[in-house]
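Written below as structure tokens is the structure these notes are about.
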Amino acid sequence: MRIERILVVDDEPGVLELLRDFLSEKVPCVVCAASCAAARALLAERVFDLVLCDVLLPDGTGGELLREAQAGKSPPPFIMMSGQGTIESATEAMREGAADYLVKPFQNDQLEVAIRRQERWQRLTDENAYLHGEIAQEISGELLGESAPLQAVKQLIAQVAATDATVLILGESGTGKELVARALHRLSLRKDKPFIRLNCAAIPENLLESEMFGHERGAFTGAFSRRSGRFEMANGGTLLLDEISEMPLALQSKLLRVIQEREFERVGGNHTLRVDVRLLATSNRDLEQQIREGSFREDLYYRINVIPLRLPPLRARAQDIEPLLAHFLRHFAEHHGKPLPTVRPETLERLRRAPWPGNVRELQNSVERAVLLARPGVPLDSADFSLASSATAFAAAAPTPSSEDLNLENTEKRLIRAALERSGGRRTEAARLLGISLRALHYKIRADPEISPGFSVWHEKSPG
Ligand SMILES: Nc1ncnc2c1ncn2[C@@H]1O[C@H](COP(=O)(O)OP(=O)(O)OP(=O)(O)O)[C@@H](O)[C@H]1O
Ligand SMILES: [Mg+2]
């Protein structure tokens with residue numbers, strides 16, 4: 001967490017000016033307020049990473065502002081500034097949740113130290129939240145299913161988990177690639193060390209490098225502090241490069257170097273770091289095809305493809321539907337506090353024959369919906385699982401196309417919209433349905449935001 005937006009509240013114009021001059025050199029955005037009312041208005045309409053707040057103000061106290069902010073959703077940390085006469089109010093504010101306090105007059109150095117301390121604290125809080133999320137997922141980590149293809153997968157997992165070999169996990173979206181990666185870690189000698197995941201498709205291209213390798217303070221606008229990347233976080237443990245097919249070429253070369261030499265530098269740094277990390281990677285796209293198209297490096301492919309593990313699509317292992325269905329029914333009934341619904345044998349048969357383009361995740365989602373809509377005592381039927389998929393409806397539409405339908409651009413927009421709807425806004429899945437890369441999909445959406453009004457576009461970082 002980097003502190004980028006600071007609100008300074010003080011009624012003395014001289015103090016405000018000094019603080020603004022000093023902070024503007026360190027932080028991209030510094031905003032000043034000379035009264036409680038002005039601060040209140042700013043806090044209501046903008047987001048700040050930190051508030052530097054005088055204790056006594058003409059129309060109220062810093063303590064009041066703090067209390068009001070804390071009633072809101074995610075209050076920024078407050079550093080109180082007090083004169084000799086108001087130290088007691090400042091310590092009082094600390095009891096009410098202020099992050100720190102400074103006694104006036106203070107040196108710029110003292111202020112800088114206090115800000116750094118907040119950054120460090122925020123970073124620890126972020127990492128902690130991230131790890132908690134990971135632990136929650138870890139609990140439900142069992143790979144269910146006894147079909148022959150899945151048994152082969154489990155056997156391969158058992159064979160390679162304890163080695164340090166790089167495993168490339170391949171399979172359509174929703175087949176359980178991440179689950180397999182977690183199992184590989186759990187069954188390895190590194191199981192007590194971190195399992196860190198980096199989703200190469202979910203992070204904007206310009207931030208991916210610093211996410212992987214970290215950055216030094218001042219490496220780029222907004223790099224206010226030094227930050228470690230996922231390679232460092234994973235030291236001693238396992239790093240999962242999720243959806244590696246989406247990694248930009250320039251970064252692929254850097255990754256190749258880390259794999260070959262086990263060392264790297266943080267962005268903007270010249271200090272070489274060495275790490276001991278086991279790599280896992282996933283892809284739902286055909287990497288060999290990408291090599292032919294020039295969007296994936298062949299040498300990197302050979303480095304990561306030491307042990308390929310292919311997860312078969314759900315339609316190729318109908319036998320797994322029943323145990324998965326039973327598991328998800330129980331899970332969601334309990335989760336939503338609903339009675340456990342029953343399923344007619346003919347419905348089970350239809351579920352086993354359905355194509356499941358979104359694989360296990362699609363099954364999981366449709367079971368959750370069915371559980372939520374179930375009426376007590378009435379067995380679920382195929383309609384409850386919405387098996388008549390929108391794709392079939394779409395294909396059957398418009399036997400005689402109108403001139404509007406023939407317009408290529410319109411058709412493309414319509415298909416993108418349909419794919420986004422179908423995937424519930426999940427772009428990776430939508431891109432897969434459309435048969436284009438995630439990056440191409442993002443490009444199209446960014447070029448025409450109307451395509452997906454409901455789904456927000458990444459924010460490019462604006463300089464300064
Ligand atoms: N064999 C399985 N047993 C139990 N749950 C499973 C199984 N396979 C997948 N799941 C569940 O299905 C969901 C999707 O799995 P996962 O996220 O691992 O898929 P993925 O292949 O990584 O998908 P994507 O390509 O979309 O990222 C998860 O909630 C996972 O727990
Ligand atoms: Mg995944």
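By order in the structure tokens, chains are A, B, ...; within a chain, residues start at 1; ligands start at 1, following the order shown.
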Once DSSP has gone over the backbone, tell me which residues of stretch 126-318 of chain A are in strand (DSSP E or B), as a PyMOL selection string.
chain A and resi 167-170+195-199+215+227+238-242+263-265+267+272-274+278-283+307-310
Can you spit out the residues from that selection as a short mmCIF file (atom, residue, chain, number, x, y, z; two decimals), in the first residue's frame, using N, CA and C atoms?
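Here's the written file out_5.cif:
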```cif
data_model
loop_
_atom_site.label_atom_id
_atom_site.label_comp_id
_atom_site.auth_asym_id
_atom_site.auth_seq_id
_atom_site.Cartn_x
_atom_site.Cartn_y
_atom_site.Cartn_z
N VAL A 167 5.28 -27.46 -12.98
CA VAL A 167 4.14 -28.15 -13.58
C VAL A 167 3.31 -27.13 -14.35
N LEU A 168 2.99 -27.46 -15.59
CA LEU A 168 2.13 -26.60 -16.39
C LEU A 168 0.74 -27.24 -16.41
N ILE A 169 -0.22 -26.57 -15.77
CA ILE A 169 -1.56 -27.12 -15.64
C ILE A 169 -2.44 -26.54 -16.74
N LEU A 170 -2.91 -27.42 -17.61
CA LEU A 170 -3.68 -26.97 -18.77
C LEU A 170 -5.11 -27.44 -18.67
N PHE A 195 2.16 -20.23 -0.27
CA PHE A 195 1.67 -20.48 -1.62
C PHE A 195 1.17 -19.14 -2.14
N ILE A 196 1.82 -18.62 -3.15
CA ILE A 196 1.47 -17.28 -3.64
C ILE A 196 1.00 -17.40 -5.08
N ARG A 197 -0.07 -16.66 -5.39
CA ARG A 197 -0.63 -16.76 -6.72
C ARG A 197 -0.58 -15.39 -7.39
N LEU A 198 -0.25 -15.41 -8.67
CA LEU A 198 -0.30 -14.16 -9.43
C LEU A 198 -1.13 -14.41 -10.67
N ASN A 199 -2.25 -13.71 -10.78
CA ASN A 199 -3.10 -13.89 -11.95
C ASN A 199 -2.67 -12.91 -13.03
N HIS A 215 9.19 -3.35 -6.43
CA HIS A 215 9.84 -2.16 -6.95
C HIS A 215 10.53 -1.40 -5.84
N ARG A 227 8.56 -2.01 -2.33
CA ARG A 227 7.55 -3.03 -2.17
C ARG A 227 8.06 -4.36 -2.70
N THR A 238 5.86 -21.83 -3.00
CA THR A 238 5.41 -22.08 -4.37
C THR A 238 4.81 -20.81 -4.96
N LEU A 239 5.13 -20.53 -6.21
CA LEU A 239 4.51 -19.40 -6.90
C LEU A 239 3.69 -19.92 -8.07
N LEU A 240 2.40 -19.60 -8.06
CA LEU A 240 1.53 -20.00 -9.18
C LEU A 240 1.36 -18.82 -10.12
N LEU A 241 1.83 -18.99 -11.36
CA LEU A 241 1.61 -17.97 -12.37
C LEU A 241 0.34 -18.36 -13.12
N ASP A 242 -0.77 -17.78 -12.72
CA ASP A 242 -2.06 -18.17 -13.25
C ASP A 242 -2.28 -17.47 -14.59
N GLU A 263 17.56 -15.45 -10.16
CA GLU A 263 17.79 -14.14 -9.55
C GLU A 263 17.15 -13.03 -10.39
N PHE A 264 16.90 -11.91 -9.74
CA PHE A 264 16.22 -10.80 -10.41
C PHE A 264 16.46 -9.52 -9.63
N GLU A 265 16.02 -8.41 -10.21
CA GLU A 265 16.09 -7.13 -9.49
C GLU A 265 14.68 -6.57 -9.36
N VAL A 267 11.94 -3.61 -9.73
CA VAL A 267 11.82 -2.55 -10.72
C VAL A 267 12.47 -1.29 -10.14
N THR A 272 20.71 -7.27 -6.75
CA THR A 272 20.22 -8.56 -7.25
C THR A 272 19.72 -9.45 -6.11
N LEU A 273 18.52 -9.97 -6.27
CA LEU A 273 17.93 -10.83 -5.24
C LEU A 273 17.90 -12.27 -5.72
N ARG A 274 18.13 -13.20 -4.79
CA ARG A 274 18.05 -14.62 -5.15
C ARG A 274 16.88 -15.24 -4.39
N ARG A 278 9.34 -22.66 -6.09
CA ARG A 278 8.87 -23.65 -7.03
C ARG A 278 7.78 -23.02 -7.88
N LEU A 279 7.88 -23.16 -9.18
CA LEU A 279 6.92 -22.52 -10.08
C LEU A 279 5.86 -23.49 -10.56
N LEU A 280 4.62 -22.99 -10.55
CA LEU A 280 3.53 -23.70 -11.21
C LEU A 280 2.90 -22.68 -12.16
N ALA A 281 2.33 -23.15 -13.26
CA ALA A 281 1.68 -22.21 -14.17
C ALA A 281 0.41 -22.84 -14.71
N THR A 282 -0.57 -21.99 -15.04
CA THR A 282 -1.77 -22.52 -15.68
C THR A 282 -2.04 -21.76 -16.97
N SER A 283 -2.76 -22.43 -17.86
CA SER A 283 -3.21 -21.75 -19.07
C SER A 283 -4.47 -22.43 -19.57
N ILE A 307 6.53 -30.66 -16.71
CA ILE A 307 5.50 -31.69 -16.51
C ILE A 307 4.15 -31.10 -16.88
N PRO A 308 3.63 -31.47 -18.04
CA PRO A 308 2.30 -30.96 -18.39
C PRO A 308 1.22 -31.80 -17.71
N LEU A 309 0.21 -31.11 -17.18
CA LEU A 309 -0.88 -31.82 -16.52
C LEU A 309 -2.18 -31.31 -17.15
N ARG A 310 -2.83 -32.17 -17.90
CA ARG A 310 -4.03 -31.74 -18.60
C ARG A 310 -5.29 -32.09 -17.83
#
```
Contacts of stretch 34-42 of chain A at 8 Å or less, counting only C-alpha atoms, minus same-chain residues fewer than 3 places along, as JSON, numbers by chain?
{"A": [7, 9, 10, 11, 12, 13, 45, 46, 57, 58, 59, 60, 61, 62, 65]}
Could you pull out all residues of stretch 106-275 of chain A with a DSSP call of helix (DSSP H, G or I) and give them as a ChimeraX atom specification?
/A:108-139,148-160,177-186,205-213,230-233,244-246,249-261
Output the selection as a short mmCIF file (atom, residue, chain, number, x, y, z; two decimals), in the first residue's frame - C-alpha atoms for each residue.
```
data_model
loop_
_atom_site.label_atom_id
_atom_site.label_comp_id
_atom_site.auth_asym_id
_atom_site.auth_seq_id
_atom_site.Cartn_x
_atom_site.Cartn_y
_atom_site.Cartn_z
CA ASN A 108 9.89 17.20 8.32
CA ASP A 109 11.86 14.05 9.11
CA GLN A 110 9.52 13.19 11.95
CA LEU A 111 6.55 13.61 9.65
CA GLU A 112 8.14 11.43 7.01
CA VAL A 113 8.86 8.69 9.53
CA ALA A 114 5.25 8.77 10.71
CA ILE A 115 3.97 8.45 7.12
CA ARG A 116 6.33 5.56 6.37
CA ARG A 117 5.14 3.81 9.49
CA GLN A 118 1.56 4.08 8.23
CA GLU A 119 2.59 2.63 4.90
CA ARG A 120 4.30 -0.29 6.54
CA TRP A 121 1.27 -0.93 8.70
CA GLN A 122 -1.09 -0.78 5.70
CA ARG A 123 1.11 -3.19 3.79
CA LEU A 124 1.05 -5.71 6.61
CA THR A 125 -2.71 -5.34 6.85
CA ASP A 126 -3.05 -5.94 3.09
CA GLU A 127 -0.83 -9.01 3.18
CA ASN A 128 -2.73 -10.33 6.12
CA ALA A 129 -6.07 -9.90 4.34
CA TYR A 130 -4.64 -11.59 1.26
CA LEU A 131 -3.42 -14.55 3.28
CA HIS A 132 -6.75 -14.90 5.07
CA GLY A 133 -8.54 -15.07 1.71
CA GLU A 134 -6.11 -17.75 0.60
CA ILE A 135 -6.62 -19.76 3.79
CA ALA A 136 -10.41 -19.70 3.32
CA GLN A 137 -9.97 -21.21 -0.14
CA GLU A 138 -7.52 -23.76 1.14
CA ILE A 139 -10.14 -25.27 3.45
CA ALA A 148 -10.75 -42.49 -14.99
CA PRO A 149 -9.42 -39.19 -16.42
CA LEU A 150 -9.56 -37.54 -12.99
CA GLN A 151 -7.93 -40.50 -11.31
CA ALA A 152 -5.07 -40.20 -13.78
CA VAL A 153 -4.75 -36.53 -12.80
CA LYS A 154 -4.70 -37.37 -9.09
CA GLN A 155 -2.08 -40.02 -9.67
CA LEU A 156 0.15 -37.58 -11.51
CA ILE A 157 -0.32 -35.04 -8.70
CA ALA A 158 0.79 -37.62 -6.17
CA GLN A 159 3.86 -38.45 -8.25
CA VAL A 160 5.13 -34.94 -8.86
CA LYS A 177 -6.60 -25.77 -12.49
CA GLU A 178 -6.18 -23.62 -9.42
CA LEU A 179 -7.44 -26.40 -7.19
CA VAL A 180 -4.79 -28.70 -8.65
CA ALA A 181 -2.08 -26.09 -8.09
CA ARG A 182 -3.07 -25.81 -4.43
CA ALA A 183 -3.07 -29.59 -4.07
CA LEU A 184 0.44 -29.73 -5.56
CA HIS A 185 1.63 -27.26 -2.96
CA ARG A 186 -0.19 -28.90 -0.07
CA GLU A 205 0.16 -4.79 -18.12
CA ASN A 206 1.97 -1.74 -16.73
CA LEU A 207 1.74 -3.04 -13.14
CA LEU A 208 2.47 -6.71 -13.75
CA GLU A 209 6.25 -6.41 -13.64
CA SER A 210 6.27 -4.69 -10.27
CA GLU A 211 3.73 -7.21 -8.96
CA MET A 212 6.11 -10.01 -9.95
CA PHE A 213 9.43 -8.52 -8.92
CA ARG A 230 5.30 -12.12 -5.48
CA PHE A 231 8.63 -13.84 -6.17
CA GLU A 232 9.98 -12.53 -2.89
CA MET A 233 6.76 -13.34 -1.02
CA ILE A 244 0.53 -17.36 -17.98
CA SER A 245 -0.58 -17.11 -21.61
CA GLU A 246 -1.61 -13.52 -20.88
CA LEU A 249 6.30 -10.77 -24.27
CA ALA A 250 8.71 -8.32 -22.61
CA LEU A 251 7.93 -9.79 -19.24
CA GLN A 252 8.23 -13.33 -20.57
CA SER A 253 11.93 -12.67 -21.23
CA LYS A 254 12.40 -11.41 -17.69
CA LEU A 255 10.65 -14.47 -16.30
CA LEU A 256 12.86 -16.70 -18.40
CA ARG A 257 15.91 -15.14 -16.82
CA VAL A 258 14.57 -15.73 -13.30
CA ILE A 259 13.90 -19.36 -14.13
CA GLN A 260 17.37 -19.84 -15.57
CA GLU A 261 19.36 -17.88 -13.04
#
```
Taking only C-alpha atoms and all ligand atoms into account, which residues have an atom no farther than 10 Å from ligand 1? I'd like them as a ChimeraX atom specification.
/A:137-138,140-146,150,154,169-182,199,201,242-243,282-285,311,313-314,320-321,323-325,327-328,358-365,426-430,432
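Nearest residue to ligand 2, choosing from A:Ala202, A:Lys26, A:Tyr301, A:Val55 and counting only C-alpha atoms and all ligand atoms: A:Ala202.
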